[in-house]
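Student: One structure coming up, written as structure tokens, with questions to follow.
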Amino acid sequence: MEVRRVVTRDHLAGVTGAALGAEHRLVNVSRLRGGSKKGVYRLTLDNDSTAIVYIWDDAENYWPATSADQAGNHADPFSPASGIELFEAAHRHLGTLGIRTPRIRLTDRSRNHYPADVAVVEDVPGENLETLLRQDPRSMEATMARLAEALDAMQRQQGPHFGKVALIDKGGISEGSSCEQVVLKRALEDLSEAASRDPRITRSRDHLEDVVRGLAAAVRQRSQFGLVHGELGPDHVLVDRDGQPVLIDIEGLMFFDVEWEHVFLRLRFGEHYRWLGRSDLDEQRLTFYTLAMRLSLVAGPLRLLDGDFPDRDLMMGIAEHNLEEALAFLPRDKTS
């Protein structure tokens with residue numbers, strides 16, 4: 001297990017000076033909750049201004065490494081979405097479309113100021129969209145409408161191939177013959193991993209595999225791929241003072257079937273998805289991708305719990321809920 005580095009003010013003083021200037025002194029560093037692949041810290045200066053620093057470092061990554069993980073292997077659309085290269089490419093694409101993300105103050109791969117790749121970005125004040133929707137959903141109607149516009153702009157942006165934008169920008173080609181084939185491969189891997197960790201999946205594994213393969217076989221191949229965030233829950237949307245949605249955790253940005261995005265949106269936004277839905281989605285894709293997403297949300301959290309991720313009850317709850325939803329795809333006579 002990687003030794004966790006305790007990041008202090010002294011560690012980030014050089015980064016802060018390079019990004020924000022030497023006029024003001026860094027007085028406090030606090031790690032923000034939620035980051036599992038990178039460290040996310042708030043920098044507070046002596047004039048009470050703030051900024052956010054992202055740190056891409058093995059010591060900040062709570063995900064246990066697997067045999068399939070390869071640093072920089074962007075050819076697999078579902079390889080770990082972590083790294084400054086992915087961040088920079090995603091930021092460029094979203095900026096070109098006029099989609100709000102935290103403004104960059106510094107990106108640095110030199111290791112001169114910190115022994116890892118870092119980025120310093122704007123600290124968007126206020127709560128994230130998940131909290132604001134819970135507090136007063138009616139006050140978020142304009143923000144949700146703007147988010148729907150941003151998603152529409154992304155999904156109308158067509159890529160020449162499917163895959164992570166950092167790969168496509170360099171003329172690369174992703175592994176796999178189609179989006180649905182990539183999802184099928186991932187779903188079978190997640191099913192196998194989940195079955196190795198929970199006896200309820202073990203007992204139903206063969207039946208679940210039959211359902212996965214049957215749903216995949218019903219999907220017709222296509223050659224158009226929109227721009228998708230990949231994990232766009234309301235916790236990955238900040239809201240600025242003007243009510244504008246601000247997308248974060250953007251490293252997974254890729255060209256892919258837009259149904260993959262909408263499955264995740266449905267799961268995470270719940271009743272508020274009505275603002276974001278589209279009428280032209282492929283229902284067979286949605287059904288197949290929903291089961292695949294459920295299996296991913298069982299295997300992934302259980303894998304994360306192999307390490308020392310601190311919010312263990314949250315991850316266990318996610319795995320348990322999605323396990324039940326995955327088993328619900330089985331005919332009644334196939335459940336046990």
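Labeling convention for the structure tokens: chains A, B, ... as they appear, residues from 1 per chain, ligands from 1 in order of appearance.
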For the interface of segment 223-305 of chain A with segment 156-163 of chain A (cut-off 9 Å, counting only C-alpha atoms), please tabulate each contacting residue of segment 223-305 of chain A alongside its nearest pair of atoms and their separation in Å to one decimal, rows sorted by chain and increasing number, as a Markdown table.
Tutor:
```
| residue | atom | partner | partner_atom | distance |
| --- | --- | --- | --- | --- |
| A:Ser223 | CA | A:His161 | CA | 7.8 |
| A:Gln224 | CA | A:Gln158 | CA | 6.6 |
| A:Phe225 | CA | A:Gln158 | CA | 5.5 |
| A:Gly226 | CA | A:Gln158 | CA | 4.8 |
| A:Leu227 | CA | A:Gln157 | CA | 5.9 |
| A:Leu253 | CA | A:Gly163 | CA | 8.6 |
| A:Met254 | CA | A:Gly163 | CA | 5.2 |
| A:Phe255 | CA | A:Phe162 | CA | 4.7 |
| A:Phe256 | CA | A:Phe162 | CA | 5.0 |
| A:Asp257 | CA | A:Phe162 | CA | 8.0 |
```
Student: Could you work out how far atom CA of Glu251 of chain A lies from atom CA of Ala90 of chain A, giving the answer in Å with one decimal?
Tutor: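 Calculated distance between atom CA of Ala90 of chain A and atom CA of Glu251 of chain A is 6.2 Å.
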Student: Would you pick out the contacts of segment 186-191 of chain A at 7 Å or less, using only C-alpha atoms, so that residues sharing its chain but fewer than 6 positions from it are not included, and give the list as a PyMOL selection string?
Tutor: chain A and resi 292+295-296+299
Student: Based on the selection just made, write all heavy atoms of those residues as an mmCIF file, in the first residue's frame.
Tutor:
```cif
data_model
loop_
_atom_site.group_PDB
_atom_site.id
_atom_site.type_symbol
_atom_site.label_atom_id
_atom_site.label_comp_id
_atom_site.auth_asym_id
_atom_site.auth_seq_id
_atom_site.Cartn_x
_atom_site.Cartn_y
_atom_site.Cartn_z
ATOM 1 N N ALA A 292 -24.503 -2.661 -17.313
ATOM 2 C CA ALA A 292 -23.043 -2.570 -17.263
ATOM 3 C C ALA A 292 -22.597 -1.569 -16.199
ATOM 4 O O ALA A 292 -21.630 -1.816 -15.462
ATOM 5 C CB ALA A 292 -22.499 -2.169 -18.635
ATOM 6 N N LEU A 295 -22.972 -3.043 -12.680
ATOM 7 C CA LEU A 295 -21.891 -3.976 -12.354
ATOM 8 C C LEU A 295 -20.595 -3.229 -12.045
ATOM 9 O O LEU A 295 -19.848 -3.609 -11.135
ATOM 10 C CB LEU A 295 -21.689 -4.962 -13.504
ATOM 11 C CG LEU A 295 -22.833 -5.953 -13.733
ATOM 12 C CD1 LEU A 295 -22.621 -6.720 -15.034
ATOM 13 C CD2 LEU A 295 -22.974 -6.915 -12.560
ATOM 14 N N SER A 296 -20.346 -2.151 -12.793
ATOM 15 C CA SER A 296 -19.169 -1.338 -12.514
ATOM 16 C C SER A 296 -19.239 -0.709 -11.135
ATOM 17 O O SER A 296 -18.223 -0.600 -10.432
ATOM 18 C CB SER A 296 -19.039 -0.241 -13.587
ATOM 19 O OG SER A 296 -17.966 0.619 -13.304
ATOM 20 N N ALA A 299 -18.337 -3.609 -8.603
ATOM 21 C CA ALA A 299 -16.929 -4.026 -8.595
ATOM 22 C C ALA A 299 -16.002 -2.894 -8.177
ATOM 23 O O ALA A 299 -15.072 -3.108 -7.380
ATOM 24 C CB ALA A 299 -16.544 -4.539 -9.983
#
```
Student: Using only C-alpha atoms, pick whichever of A:Ala75, A:Val121, A:Leu302, A:Leu327 has the shortest atom-to-atom distance to Gly172 of chain A.
Tutor: A:Ala75
Student: Using DSSP on the backbone coordinates, identify the residues of segment 1-180 of chain A assigned to helix (DSSP H, G or I); present them as a ChimeraX atom specification.
Tutor: /A:9-20,58-60,84-96,129-135,137-156,165-169,179-180
Student: Name all residues at most 8 Å from segment 198-208 of chain A (count only C-alpha atoms; drop same-chain ones fewer than 2 positions away) and give them as a list in words.
Tutor: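 The filter keeps Leu191, Ser192, Ala194, Ala195, Ser196, Asp210, Val211, Val212, Leu323, Leu327, Phe329, Leu330, Lys334, Thr335 and Ser336 of chain A.
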Student: At a cut-off of 10 Å, using only C-alpha atoms, what residues contact Arg103 of chain A? Leave out same-chain residues fewer than 4 positions from it and give the result as number ranges by chain.
Tutor: A: 91, 95, 120-124, 246
Student: Deliver the residues from the most recent selection as a file, using N, CA and C atoms, as a compact mmCIF listing (two decimals), in the first residue's frame.
Tutor:
```txt
# COMPACT_ATOMS: atom_id res chain seq x y z
N HIS A 91 -9.77 20.07 -20.45
CA HIS A 91 -9.99 21.50 -20.21
C HIS A 91 -10.02 22.26 -21.53
N GLY A 95 -13.30 24.18 -22.87
CA GLY A 95 -13.15 25.61 -23.07
C GLY A 95 -13.51 26.04 -24.48
N VAL A 120 -3.01 24.30 -10.40
CA VAL A 120 -3.68 25.22 -9.50
C VAL A 120 -4.81 25.88 -10.28
N VAL A 121 -6.00 25.82 -9.72
CA VAL A 121 -7.18 26.33 -10.42
C VAL A 121 -7.99 27.23 -9.49
N GLU A 122 -8.92 27.92 -10.10
CA GLU A 122 -9.86 28.78 -9.39
C GLU A 122 -10.63 27.99 -8.33
N ASP A 123 -10.84 28.58 -7.20
CA ASP A 123 -11.72 28.02 -6.17
C ASP A 123 -13.10 28.63 -6.36
N VAL A 124 -14.02 27.83 -6.88
CA VAL A 124 -15.38 28.32 -7.11
C VAL A 124 -16.11 28.31 -5.78
N VAL A 246 -20.37 24.56 -13.25
CA VAL A 246 -18.92 24.49 -13.45
C VAL A 246 -18.53 23.01 -13.31
```
